[in-house]
>>> print(open('entry_1.cif').read())   # mmCIF, C-alpha atoms and all ligand atoms
data_structure
#
loop_
_atom_site.label_atom_id
_atom_site.label_comp_id
_atom_site.auth_asym_id
_atom_site.auth_seq_id
_atom_site.Cartn_x
_atom_site.Cartn_y
_atom_site.Cartn_z
CA MET P 1 -22.46 -118.57 180.82
CA GLN P 2 -24.68 -116.67 178.37
CA VAL P 3 -28.34 -116.92 179.28
CA LEU P 4 -31.52 -115.79 177.55
CA VAL P 5 -34.32 -115.02 179.99
CA THR P 6 -37.67 -114.46 178.32
CA GLY P 7 -40.20 -112.45 180.30
CA GLY P 8 -37.28 -110.50 181.73
CA ALA P 9 -39.53 -107.62 182.74
CA GLY P 10 -41.83 -109.92 184.73
CA ARG P 11 -41.90 -111.06 188.34
CA VAL P 12 -39.79 -114.20 187.89
CA GLY P 13 -37.63 -112.93 185.02
CA ARG P 14 -36.51 -109.80 186.87
CA ARG P 15 -35.38 -111.75 189.93
CA LEU P 16 -33.68 -114.42 187.83
CA ILE P 17 -31.78 -111.82 185.79
CA SER P 18 -30.59 -110.06 188.96
CA ASP P 19 -29.30 -113.35 190.38
CA LEU P 20 -27.60 -114.33 187.10
CA LEU P 21 -25.87 -110.96 186.81
CA ALA P 22 -24.80 -111.14 190.45
CA ARG P 23 -23.03 -114.46 189.82
CA GLY P 24 -21.27 -113.12 186.71
CA ASP P 25 -23.30 -114.44 183.78
CA ALA P 26 -24.08 -112.49 180.60
CA VAL P 27 -27.83 -112.15 180.13
CA THR P 28 -30.27 -111.27 177.35
CA SER P 29 -33.74 -110.22 178.44
CA PHE P 30 -36.50 -110.76 175.86
CA ASP P 31 -39.86 -109.17 176.62
CA ILE P 32 -42.51 -107.03 175.00
CA ALA P 33 -42.47 -104.81 178.08
CA THR P 34 -39.52 -102.60 178.93
CA SER P 35 -37.50 -103.36 182.01
CA SER P 36 -35.79 -100.85 184.27
CA LEU P 37 -32.85 -103.23 184.84
CA GLU P 38 -29.59 -101.94 183.39
CA HIS P 39 -26.18 -103.64 183.59
CA PRO P 40 -23.06 -103.86 181.38
CA ARG P 41 -23.64 -107.62 181.00
CA LEU P 42 -27.37 -107.26 180.23
CA ARG P 43 -28.74 -106.96 176.67
CA HIS P 44 -32.41 -106.21 175.96
CA VAL P 45 -34.42 -107.53 173.02
CA THR P 46 -37.88 -105.99 172.81
CA GLY P 47 -40.53 -107.89 170.87
CA THR P 48 -43.07 -110.67 171.02
CA PHE P 49 -42.15 -114.35 171.21
CA ASP P 50 -44.09 -115.15 168.01
CA ASP P 51 -41.93 -112.71 166.02
CA ALA P 52 -39.32 -114.96 164.36
CA ALA P 53 -36.79 -112.15 163.83
CA ALA P 54 -37.02 -111.01 167.45
CA SER P 55 -36.73 -114.60 168.73
CA ALA P 56 -33.69 -115.23 166.50
CA ALA P 57 -32.04 -112.05 167.78
CA ALA P 58 -32.80 -113.02 171.37
CA VAL P 59 -31.34 -116.56 171.24
CA GLU P 60 -28.12 -115.45 169.52
CA GLY P 61 -25.13 -116.71 171.51
CA ALA P 62 -27.22 -118.22 174.31
CA ASP P 63 -25.95 -121.36 176.05
CA VAL P 64 -29.16 -121.68 178.05
CA VAL P 65 -32.66 -120.31 177.49
CA VAL P 66 -35.06 -119.88 180.39
CA HIS P 67 -38.47 -119.32 178.79
CA ALA P 68 -40.08 -117.56 181.73
CA GLY P 69 -42.19 -115.20 179.66
CA ALA P 70 -45.86 -115.88 179.00
CA TYR P 71 -49.17 -114.13 178.90
CA MET P 72 -51.33 -114.89 181.94
CA SER P 73 -55.07 -114.26 181.87
CA TRP P 74 -58.25 -116.05 182.88
CA VAL P 75 -60.59 -113.70 181.01
CA ALA P 76 -62.48 -115.57 178.27
CA SER P 77 -61.92 -112.89 175.63
CA ASP P 78 -58.11 -113.25 176.02
CA ALA P 79 -58.04 -116.80 174.58
CA GLN P 80 -56.52 -115.89 171.21
CA ARG P 81 -53.91 -113.66 172.81
CA LEU P 82 -52.98 -116.53 175.15
CA HIS P 83 -52.54 -118.84 172.18
CA ASP P 84 -50.43 -116.33 170.23
CA ALA P 85 -48.10 -115.59 173.15
CA ASN P 86 -47.84 -119.01 174.77
CA VAL P 87 -48.34 -121.54 171.97
CA THR P 88 -47.19 -119.82 168.77
CA GLY P 89 -44.64 -117.81 170.75
CA THR P 90 -43.14 -120.91 172.41
CA PHE P 91 -43.02 -122.73 169.05
CA VAL P 92 -41.18 -119.86 167.35
CA LEU P 93 -38.76 -119.51 170.24
CA LEU P 94 -38.06 -123.27 170.39
CA ARG P 95 -37.25 -123.33 166.67
CA ALA P 96 -34.93 -120.37 167.04
CA ALA P 97 -33.24 -121.97 170.06
CA ALA P 98 -32.70 -125.28 168.26
CA GLN P 99 -31.29 -123.48 165.20
CA ALA P 100 -28.91 -121.52 167.44
CA ASN P 101 -27.66 -124.77 169.08
CA VAL P 102 -28.80 -123.75 172.54
CA ARG P 103 -27.56 -126.38 175.00
CA ARG P 104 -30.47 -126.33 177.47
CA PHE P 105 -34.01 -124.93 177.27
CA VAL P 106 -35.82 -124.50 180.58
CA PHE P 107 -39.57 -124.06 180.16
CA ALA P 108 -41.81 -122.32 182.70
CA SER P 109 -44.89 -124.47 182.71
CA SER P 110 -47.57 -124.29 185.36
CA GLY P 111 -49.46 -126.33 187.93
CA GLU P 112 -52.47 -125.38 185.85
CA VAL P 113 -51.68 -128.26 183.49
CA TYR P 114 -53.27 -130.37 186.26
CA PRO P 115 -56.84 -129.89 187.30
CA GLU P 116 -55.58 -128.03 190.40
CA THR P 117 -59.08 -126.86 191.29
CA ALA P 118 -60.47 -130.40 191.01
CA PRO P 119 -57.56 -132.80 191.65
CA LEU P 120 -58.11 -136.54 191.23
CA SER P 121 -55.62 -137.30 194.04
CA LEU P 122 -53.50 -135.38 196.56
CA PRO P 123 -50.75 -134.37 196.79
CA ILE P 124 -50.52 -133.55 193.08
CA ALA P 125 -47.39 -135.31 191.80
CA GLU P 126 -45.92 -135.21 188.30
CA ASP P 127 -47.77 -138.38 187.28
CA HIS P 128 -51.16 -136.85 188.09
CA PRO P 129 -53.22 -136.72 184.86
CA THR P 130 -52.86 -133.43 183.00
CA GLN P 131 -56.33 -132.02 182.46
CA PRO P 132 -56.12 -128.23 182.34
CA ARG P 133 -59.31 -126.38 183.19
CA SER P 134 -58.31 -122.97 181.82
CA ILE P 135 -57.16 -121.84 178.37
CA TYR P 136 -54.00 -120.59 180.09
CA GLY P 137 -53.34 -124.10 181.48
CA LEU P 138 -54.03 -125.56 178.04
CA THR P 139 -51.44 -123.27 176.44
CA LYS P 140 -48.87 -124.44 179.02
CA LEU P 141 -49.64 -128.10 178.34
CA LEU P 142 -49.26 -127.50 174.59
CA GLY P 143 -45.98 -125.74 175.39
CA GLU P 144 -44.76 -128.83 177.27
CA GLU P 145 -45.64 -131.03 174.31
CA MET P 146 -43.65 -128.78 171.95
CA VAL P 147 -40.67 -128.73 174.33
CA ALA P 148 -40.72 -132.55 174.44
CA PHE P 149 -40.88 -132.65 170.62
CA PHE P 150 -37.81 -130.44 170.23
CA ALA P 151 -35.91 -132.46 172.85
CA ARG P 152 -36.71 -135.64 170.91
CA THR P 153 -35.93 -134.35 167.44
CA THR P 154 -33.04 -131.94 167.96
CA GLY P 155 -31.13 -133.25 170.96
CA MET P 156 -31.49 -129.93 172.79
CA GLU P 157 -31.57 -130.59 176.54
CA THR P 158 -34.84 -129.50 178.07
CA VAL P 159 -36.30 -129.13 181.56
CA ILE P 160 -40.00 -128.55 182.13
CA LEU P 161 -40.74 -126.84 185.43
CA ARG P 162 -44.38 -126.80 186.50
CA PHE P 163 -44.37 -123.65 188.59
CA SER P 164 -46.44 -123.24 191.70
CA HIS P 165 -48.55 -120.16 192.11
CA THR P 166 -45.79 -117.62 192.85
CA GLN P 167 -45.63 -114.06 194.17
CA ASP P 168 -43.20 -111.46 195.36
CA ALA P 169 -43.69 -111.21 199.12
CA THR P 170 -44.54 -107.50 198.84
CA GLU P 171 -47.56 -108.34 196.66
CA LEU P 172 -49.25 -110.03 199.64
CA LEU P 173 -49.82 -106.65 201.30
CA ASP P 174 -50.98 -104.91 198.13
CA PRO P 175 -54.74 -104.99 197.45
CA ASP P 176 -54.02 -103.81 193.89
CA SER P 177 -51.56 -106.62 193.08
CA PHE P 178 -52.38 -109.03 190.24
CA PHE P 179 -52.62 -112.18 192.37
CA SER P 180 -52.95 -111.27 196.04
CA GLY P 181 -55.48 -108.51 195.41
CA PRO P 182 -58.31 -110.78 194.29
CA ARG P 183 -57.12 -113.66 196.45
CA PHE P 184 -57.17 -111.95 199.84
CA TYR P 185 -58.89 -108.55 199.48
CA LEU P 186 -62.68 -108.30 199.19
CA ARG P 187 -62.97 -105.35 196.83
CA ALA P 188 -60.33 -106.65 194.40
CA ARG P 189 -62.07 -110.04 194.38
CA LEU P 190 -65.36 -108.35 193.59
CA ARG P 191 -63.80 -106.50 190.64
CA GLN P 192 -62.14 -109.68 189.36
CA GLN P 193 -65.28 -111.79 189.58
CA ALA P 194 -67.31 -109.06 187.86
CA ALA P 195 -64.72 -109.05 185.03
CA PHE P 196 -65.03 -112.87 184.77
CA GLY P 197 -68.83 -112.53 184.65
CA ASN P 198 -69.28 -114.75 187.74
CA THR P 199 -72.47 -113.09 188.93
CA ALA P 200 -73.26 -115.68 191.64
CA VAL P 201 -69.88 -115.02 193.31
CA VAL P 202 -70.33 -111.26 192.92
CA ASP P 203 -73.74 -111.54 194.63
CA ALA P 204 -72.26 -113.56 197.52
CA LEU P 205 -69.54 -110.95 198.07
CA THR P 206 -71.52 -107.75 197.51
CA SER P 207 -73.43 -107.92 200.80
CA HIS P 208 -70.07 -107.76 202.67
CA ASP P 209 -68.88 -104.66 200.80
CA ASP P 210 -69.45 -101.35 202.57
CA GLY P 211 -66.93 -99.49 200.42
CA THR P 212 -63.98 -99.97 202.81
CA GLU P 213 -61.03 -102.35 202.40
CA LYS P 214 -61.44 -105.78 204.02
CA LEU P 215 -59.54 -109.05 204.05
CA LEU P 216 -61.40 -112.04 202.65
CA ILE P 217 -61.42 -115.66 203.82
CA SER P 218 -62.83 -117.72 200.93
CA ARG P 219 -64.75 -120.94 201.56
CA GLY P 220 -66.38 -123.30 199.11
CA ARG P 221 -70.11 -123.95 199.12
CA ASP P 222 -69.61 -126.83 201.63
CA GLY P 223 -67.73 -124.55 204.05
CA THR P 224 -64.24 -125.89 203.22
CA VAL P 225 -61.70 -123.12 203.52
CA PHE P 226 -59.55 -122.51 200.40
CA ARG P 227 -56.02 -123.94 200.65
CA MET P 228 -53.17 -123.88 198.11
CA PRO P 229 -49.40 -123.40 197.78
CA ILE P 230 -48.13 -119.81 197.45
CA THR P 231 -44.43 -119.72 196.59
CA ASP P 232 -42.01 -116.84 197.09
CA THR P 233 -40.34 -115.73 193.83
CA ARG P 234 -36.94 -116.16 195.50
CA ASP P 235 -37.54 -119.88 196.08
CA LEU P 236 -38.76 -120.37 192.54
CA VAL P 237 -35.69 -118.66 191.11
CA ALA P 238 -33.37 -120.79 193.28
CA GLY P 239 -34.96 -123.84 191.65
CA ILE P 240 -34.65 -122.39 188.14
CA LEU P 241 -30.95 -121.65 188.66
CA ALA P 242 -30.38 -125.28 189.65
CA ALA P 243 -32.48 -126.53 186.71
CA MET P 244 -30.27 -124.62 184.27
CA GLU P 245 -27.32 -126.83 185.14
CA SER P 246 -28.26 -129.91 187.13
CA PRO P 247 -27.44 -133.07 185.15
CA LYS P 248 -30.26 -134.82 187.01
CA ALA P 249 -32.81 -132.29 185.71
CA ALA P 250 -32.18 -132.84 181.97
CA GLY P 251 -35.22 -134.30 180.25
CA ARG P 252 -37.34 -134.08 183.41
CA THR P 253 -40.71 -132.54 184.20
CA LEU P 254 -40.71 -131.24 187.78
CA ASN P 255 -43.21 -129.52 190.10
CA LEU P 256 -41.35 -126.46 191.37
CA GLY P 257 -42.44 -124.46 194.40
CA THR P 258 -43.22 -124.51 198.09
CA GLU P 259 -44.12 -127.68 199.94
CA GLU P 260 -46.54 -125.71 202.12
CA ALA P 261 -50.23 -125.37 201.23
CA ILE P 262 -51.57 -122.40 203.15
CA ALA P 263 -55.19 -122.39 204.35
CA PHE P 264 -56.73 -118.99 203.62
CA ASP P 265 -58.03 -118.47 207.19
CA VAL P 266 -54.44 -118.87 208.42
CA ALA P 267 -53.09 -116.69 205.59
CA VAL P 268 -55.59 -113.93 206.33
CA ALA P 269 -54.75 -114.02 210.07
CA HIS P 270 -51.11 -113.33 209.11
CA LEU P 271 -52.19 -110.50 206.80
CA GLN P 272 -54.46 -109.01 209.46
CA ALA P 273 -51.66 -108.96 212.03
CA VAL P 274 -49.79 -106.59 209.70
CA THR P 275 -52.57 -104.61 207.99
CA GLY P 276 -55.08 -104.40 210.86
CA LEU P 277 -57.89 -104.68 208.28
CA PRO P 278 -61.24 -106.24 209.24
CA ILE P 279 -61.93 -109.78 207.99
CA VAL P 280 -64.96 -111.18 206.22
CA ASP P 281 -65.42 -114.94 206.04
CA VAL P 282 -67.54 -115.87 203.03
CA ARG P 283 -69.03 -119.11 201.73
CA LEU P 284 -68.89 -118.82 197.94
CA PRO P 285 -71.22 -120.68 195.55
CA VAL P 286 -68.28 -122.68 194.12
CA ALA P 287 -66.22 -125.75 195.02
CA ALA P 288 -63.36 -124.85 197.38
CA VAL P 289 -59.89 -124.53 195.88
CA ASN P 290 -58.09 -127.07 198.04
CA TYR P 291 -54.88 -128.72 196.89
CA VAL P 292 -51.31 -129.48 197.86
CA THR P 293 -48.51 -130.32 195.45
CA CYS P 294 -45.74 -132.90 195.80
CA ARG P 295 -42.25 -131.38 195.33
CA LYS P 296 -40.14 -134.44 196.15
CA ALA P 297 -38.90 -134.99 192.58
CA ALA P 298 -37.72 -131.37 192.19
CA ILE P 299 -36.01 -131.31 195.58
CA GLU P 300 -34.19 -134.53 194.73
CA ALA P 301 -33.22 -133.54 191.16
CA LEU P 302 -32.33 -129.92 191.87
CA GLY P 303 -30.93 -130.25 195.38
CA VAL P 304 -32.79 -127.12 196.49
CA ARG P 305 -35.53 -127.01 199.13
CA PRO P 306 -37.86 -123.97 199.23
CA ARG P 307 -37.42 -122.00 202.47
CA TRP P 308 -40.04 -119.22 202.44
CA THR P 309 -43.23 -119.99 204.36
CA PHE P 310 -46.27 -117.78 203.90
CA ALA P 311 -45.76 -116.38 207.41
CA ALA P 312 -42.14 -115.49 206.61
CA MET P 313 -43.19 -113.84 203.33
CA VAL P 314 -45.70 -111.61 205.17
CA GLU P 315 -43.12 -110.74 207.82
CA ASP P 316 -40.59 -109.89 205.12
CA ALA P 317 -43.14 -107.77 203.21
CA ALA P 318 -44.00 -105.87 206.40
CA TRP P 319 -40.32 -105.27 207.04
CA THR P 320 -39.83 -103.98 203.47
CA ALA P 321 -42.84 -101.66 203.87
CA ARG P 322 -41.46 -100.31 207.17
CA LEU P 323 -38.06 -99.67 205.55
CA LYS P 324 -39.72 -97.80 202.66
CA GLY P 325 -41.76 -95.70 205.09
CA ALA P 326 -38.75 -94.92 207.28
N1 LIG P 401 -46.50 -116.31 188.95
C1 LIG P 401 -47.19 -117.44 188.99
O1 LIG P 401 -47.99 -117.68 189.89
C2 LIG P 401 -46.97 -118.51 187.95
C3 LIG P 401 -47.50 -119.79 188.19
C4 LIG P 401 -47.28 -120.78 187.24
C5 LIG P 401 -46.56 -120.50 186.09
N2 LIG P 401 -46.09 -119.24 185.89
C6 LIG P 401 -45.32 -118.98 184.68
O2 LIG P 401 -44.08 -118.46 185.08
C7 LIG P 401 -43.59 -117.55 184.14
C8 LIG P 401 -43.21 -116.25 184.83
O3 LIG P 401 -44.36 -115.72 185.48
P1 LIG P 401 -44.37 -114.28 186.16
O4 LIG P 401 -45.11 -114.41 187.43
O5 LIG P 401 -43.01 -113.71 186.13
O6 LIG P 401 -45.29 -113.52 185.10
P2 LIG P 401 -45.29 -111.98 184.67
O7 LIG P 401 -46.62 -111.72 184.05
O8 LIG P 401 -44.83 -111.12 185.81
O9 LIG P 401 -44.15 -111.93 183.56
C9 LIG P 401 -44.37 -112.42 182.26
C10 LIG P 401 -43.63 -111.52 181.29
O10 LIG P 401 -43.85 -112.03 179.97
C11 LIG P 401 -44.02 -110.92 179.09
N3 LIG P 401 -44.80 -111.32 177.92
C12 LIG P 401 -46.09 -111.76 177.91
N4 LIG P 401 -46.46 -112.06 176.66
C13 LIG P 401 -45.39 -111.80 175.87
C14 LIG P 401 -45.14 -111.93 174.47
N5 LIG P 401 -46.09 -112.40 173.65
N6 LIG P 401 -43.93 -111.58 173.98
C15 LIG P 401 -42.97 -111.09 174.83
N7 LIG P 401 -43.15 -110.95 176.16
C16 LIG P 401 -44.33 -111.32 176.68
C17 LIG P 401 -44.74 -109.87 179.91
O11 LIG P 401 -44.55 -108.57 179.38
C18 LIG P 401 -44.14 -110.08 181.30
O12 LIG P 401 -43.07 -109.18 181.54
C19 LIG P 401 -44.69 -117.42 183.08
O13 LIG P 401 -44.39 -118.31 182.03
C20 LIG P 401 -45.93 -117.89 183.79
O14 LIG P 401 -46.87 -118.41 182.90
C21 LIG P 401 -46.27 -118.24 186.79
#
>>> encode(input="entry_1.cif", output="structure tokens", more="lines below")
Ligand SMILES: NC(=O)c1ccc[n+]([C@@H]2O[C@H](COP(=O)([O-])OP(=O)(O)OC[C@H]3O[C@@H](n4cnc5c(N)ncnc54)[C@H](O)[C@@H]3O)[C@@H](O)[C@H]2O)c1
Amino acid sequence: MQVLVTGGAGRVGRRLISDLLARGDAVTSFDIATSSLEHPRLRHVTGTFDDAAASAAAVEGADVVVHAGAYMSWVASDAQRLHDANVTGTFVLLRAAAQANVRRFVFASSGEVYPETAPLSLPIAEDHPTQPRSIYGLTKLLGEEMVAFFARTTGMETVILRFSHTQDATELLDPDSFFSGPRFYLRARLRQQAAFGNTAVVDALTSHDDGTEKLLISRGRDGTVFRMPITDTRDLVAGILAAMESPKAAGRTLNLGTEEAIAFDVAVAHLQAVTGLPIVDVRLPVAAVNYVTCRKAAIEALGVRPRWTFAAMVEDAAWTARLKGA
């Protein structure tokens, strides 16, 4: 099979490309960033998704497109860049894919199309109202609408996968990582909240900062500990691989990711067992992030059940770190 993977230099794209090459497929990677992956069956197209010529070059010969590339940011000043990459970019790519007679287009959407931070009911299933609360989530919802339009009007098979929050296991132990840094490490959270301009949260955290690294347990203003799904990239990619081919997935919108929602006090205990860092437990002046997502439809349609728990991810990351240090 010939597969176009957009975002091939990213977390999900890299892993997906490796797995596709390992099973014998020919792959095109389309990304604005350069990737270190090299293989005789791997072709690179460098450019942005909203560049029609680059998108046309990328889709050439593809049986299946996995549109895993996107810009991710929650900084207010990035709104236009989010729209260009995720809305205009997805539109341009969809047109190119339809013109190139791509058989199936798999779209990486996000749980952020729901109001994950203020769900109306739990667990969040696919029929939960879509009410994004970030510009990023809005761009993903607009992407879904465009994917549905092209499915309707061109006959191209499409699958919309609403990805869980997803990380490489090694990121969990890295205070400088994009997601786990601000999620579990005090100083990274302080920097992130300062960049967002959330002064009340910065004030709540500052008194705990003595300049040394600490793990952070986040609670909402009512004392509820934060809790959410954190999926291992390997599980997400197993689902994507199935979505590329499963007849049951065609035309569907599916929540993809772990069935586990990890409470942050439990998560931080796992991280402390490995890092030995001290823990601060902080009540933040915000509503607690506290949700769990229903994965039944994806497990049934794709025939793949996620297998990485948070505890197993931390154990695996610690093992990887020990091997690197050895
Ligand atoms: N990781 C998560 O927690 C998560 C959760 C929900 C949805 N998603 C979605 O899953 C997909 C993969 O996420 P990831 O974690 O691999 O993200 P990532 O940031 O690691 O990778 C995204 C890639 O897209 C590329 N890119 C961004 N804008 C581009 C543009 N305009 N033109 C060309 N390339 C561009 C980046 O260079 C990057 O390599 C994305 O669509 C993301 O929105 C991710």
>>> residues_near_point(input="entry_1.cif", point="(-40.3, -113.9, 169.4)", cutoff="12 Å", atoms="only C-alpha atoms", output="PDB file with C-alpha atoms, in the coordinates of the input")
ATOM      1  CA  THR P   6     -37.670-114.460 178.320  1.00  0.00           C
ATOM      2  CA  GLY P   7     -40.200-112.450 180.300  1.00  0.00           C
ATOM      3  CA  SER P  29     -33.740-110.220 178.440  1.00  0.00           C
ATOM      4  CA  PHE P  30     -36.500-110.760 175.860  1.00  0.00           C
ATOM      5  CA  ASP P  31     -39.860-109.170 176.620  1.00  0.00           C
ATOM      6  CA  ILE P  32     -42.510-107.030 175.000  1.00  0.00           C
ATOM      7  CA  VAL P  45     -34.420-107.530 173.020  1.00  0.00           C
ATOM      8  CA  THR P  46     -37.880-105.990 172.810  1.00  0.00           C
ATOM      9  CA  GLY P  47     -40.530-107.890 170.870  1.00  0.00           C
ATOM     10  CA  THR P  48     -43.070-110.670 171.020  1.00  0.00           C
ATOM     11  CA  PHE P  49     -42.150-114.350 171.210  1.00  0.00           C
ATOM     12  CA  ASP P  50     -44.090-115.150 168.010  1.00  0.00           C
ATOM     13  CA  ASP P  51     -41.930-112.710 166.020  1.00  0.00           C
ATOM     14  CA  ALA P  52     -39.320-114.960 164.360  1.00  0.00           C
ATOM     15  CA  ALA P  53     -36.790-112.150 163.830  1.00  0.00           C
ATOM     16  CA  ALA P  54     -37.020-111.010 167.450  1.00  0.00           C
ATOM     17  CA  SER P  55     -36.730-114.600 168.730  1.00  0.00           C
ATOM     18  CA  ALA P  56     -33.690-115.230 166.500  1.00  0.00           C
ATOM     19  CA  ALA P  57     -32.040-112.050 167.780  1.00  0.00           C
ATOM     20  CA  ALA P  58     -32.800-113.020 171.370  1.00  0.00           C
ATOM     21  CA  VAL P  59     -31.340-116.560 171.240  1.00  0.00           C
ATOM     22  CA  HIS P  67     -38.470-119.320 178.790  1.00  0.00           C
ATOM     23  CA  GLY P  69     -42.190-115.200 179.660  1.00  0.00           C
ATOM     24  CA  ALA P  70     -45.860-115.880 179.000  1.00  0.00           C
ATOM     25  CA  ASP P  84     -50.430-116.330 170.230  1.00  0.00           C
ATOM     26  CA  ALA P  85     -48.100-115.590 173.150  1.00  0.00           C
ATOM     27  CA  ASN P  86     -47.840-119.010 174.770  1.00  0.00           C
ATOM     28  CA  VAL P  87     -48.340-121.540 171.970  1.00  0.00           C
ATOM     29  CA  THR P  88     -47.190-119.820 168.770  1.00  0.00           C
ATOM     30  CA  GLY P  89     -44.640-117.810 170.750  1.00  0.00           C
ATOM     31  CA  THR P  90     -43.140-120.910 172.410  1.00  0.00           C
ATOM     32  CA  PHE P  91     -43.020-122.730 169.050  1.00  0.00           C
ATOM     33  CA  VAL P  92     -41.180-119.860 167.350  1.00  0.00           C
ATOM     34  CA  LEU P  93     -38.760-119.510 170.240  1.00  0.00           C
ATOM     35  CA  LEU P  94     -38.060-123.270 170.390  1.00  0.00           C
ATOM     36  CA  ARG P  95     -37.250-123.330 166.670  1.00  0.00           C
ATOM     37  CA  ALA P  96     -34.930-120.370 167.040  1.00  0.00           C
ATOM     38  CA  ALA P  97     -33.240-121.970 170.060  1.00  0.00           C
TER      39      ALA P  97
END
>>> atom_distance(input="entry_1.cif", atom1="atom CA of Thr158 of chain P", atom2="atom CA of Ser121 of chain P")
27.3 Å
>>> atom_distance(input="entry_1.cif", atom1="atom CA of Gly13 of chain P", atom2="atom CA of Thr253 of chain P")
19.9 Å
>>> residues_around(input="entry_1.cif", residues="segment 234-251 of chain P", least_positions_apart="5", cutoff="6 Å", atoms="only C-alpha atoms", output="PyMOL selection string")
chain P and resi 16+157-159+257+301-302+306
>>> write_last_selection(input="entry_1.cif", atoms="C-alpha atoms", output="mmCIF file, in the coordinates of the input")
data_model
loop_
_atom_site.group_PDB
_atom_site.id
_atom_site.type_symbol
_atom_site.label_atom_id
_atom_site.label_comp_id
_atom_site.auth_asym_id
_atom_site.auth_seq_id
_atom_site.Cartn_x
_atom_site.Cartn_y
_atom_site.Cartn_z
ATOM 1 C CA LEU P 16 -33.680 -114.420 187.830
ATOM 2 C CA GLU P 157 -31.570 -130.590 176.540
ATOM 3 C CA THR P 158 -34.840 -129.500 178.070
ATOM 4 C CA VAL P 159 -36.300 -129.130 181.560
ATOM 5 C CA GLY P 257 -42.440 -124.460 194.400
ATOM 6 C CA ALA P 301 -33.220 -133.540 191.160
ATOM 7 C CA LEU P 302 -32.330 -129.920 191.870
ATOM 8 C CA PRO P 306 -37.860 -123.970 199.230
#
>>> residues_around(input="entry_1.cif", residues="segment 191-197 of chain P", least_positions_apart="5", cutoff="9 Å", atoms="all atoms listed in the file", output="JSON, numbers by chain")
{"P": [74, 75, 76, 182, 186, 202]}
>>> residues_around(input="entry_1.cif", residues="Leu216 of chain P", least_positions_apart="3", cutoff="7 Å", atoms="all atoms listed in the file", output="PyMOL selection string")
chain P and resi 184-186+279-281
>>> atom_distance(input="entry_1.cif", atom1="atom CA of Pro123 of chain P", atom2="atom CA of Tyr291 of chain P")
7.0 Å
>>> residues_around(input="entry_1.cif", residues="Gly111 of chain P", least_positions_apart="2", cutoff="6 Å", atoms="all atoms listed in the file", output="list of chain:residue names")
P:Val113, P:Tyr114, P:Arg162, P:Phe163, P:Ser164
>>> closest_residue(input="entry_1.cif", among="P:Val274, P:Val64, P:Leu141, P:Ile217", to="ligand LIG 401 (chain P)", atoms="only C-alpha atoms and all ligand atoms")
P:Leu141
>>> residues_around(input="entry_1.cif", residues="Val3 of chain P", least_positions_apart="3", cutoff="8 Å", atoms="only C-alpha atoms", output="list in words")
Asp25, Ala26, Val27, Thr28, Ala62, Asp63, Val64, Val65 and Val66 of chain P
>>> decode(input="entry_1.cif", residues="segment 220-239 of chain P", atoms="C-alpha atoms", output="PDB file, in the first residue's frame")
ATOM      1  CA  GLY P 220      -9.400  22.248  41.258  1.00  0.00           C
ATOM      2  CA  ARG P 221     -10.663  24.997  43.540  1.00  0.00           C
ATOM      3  CA  ASP P 222     -13.036  22.498  45.252  1.00  0.00           C
ATOM      4  CA  GLY P 223     -10.163  20.107  46.011  1.00  0.00           C
ATOM      5  CA  THR P 224     -10.999  17.593  43.242  1.00  0.00           C
ATOM      6  CA  VAL P 225      -7.832  16.046  41.906  1.00  0.00           C
ATOM      7  CA  PHE P 226      -7.313  16.356  38.124  1.00  0.00           C
ATOM      8  CA  ARG P 227      -8.083  13.159  36.185  1.00  0.00           C
ATOM      9  CA  MET P 228      -7.904  12.462  32.441  1.00  0.00           C
ATOM     10  CA  PRO P 229      -6.852   9.833  29.882  1.00  0.00           C
ATOM     11  CA  ILE P 230      -3.179   9.816  28.815  1.00  0.00           C
ATOM     12  CA  THR P 231      -2.593   7.477  25.877  1.00  0.00           C
ATOM     13  CA  ASP P 232       0.689   5.932  24.783  1.00  0.00           C
ATOM     14  CA  THR P 233       1.601   6.803  21.169  1.00  0.00           C
ATOM     15  CA  ARG P 234       1.979   3.075  20.434  1.00  0.00           C
ATOM     16  CA  ASP P 235      -1.666   2.394  21.290  1.00  0.00           C
ATOM     17  CA  LEU P 236      -2.845   5.335  19.225  1.00  0.00           C
ATOM     18  CA  VAL P 237      -0.864   4.158  16.210  1.00  0.00           C
ATOM     19  CA  ALA P 238      -2.253   0.614  16.538  1.00  0.00           C
ATOM     20  CA  GLY P 239      -5.724   2.145  16.243  1.00  0.00           C
TER      21      GLY P 239
END
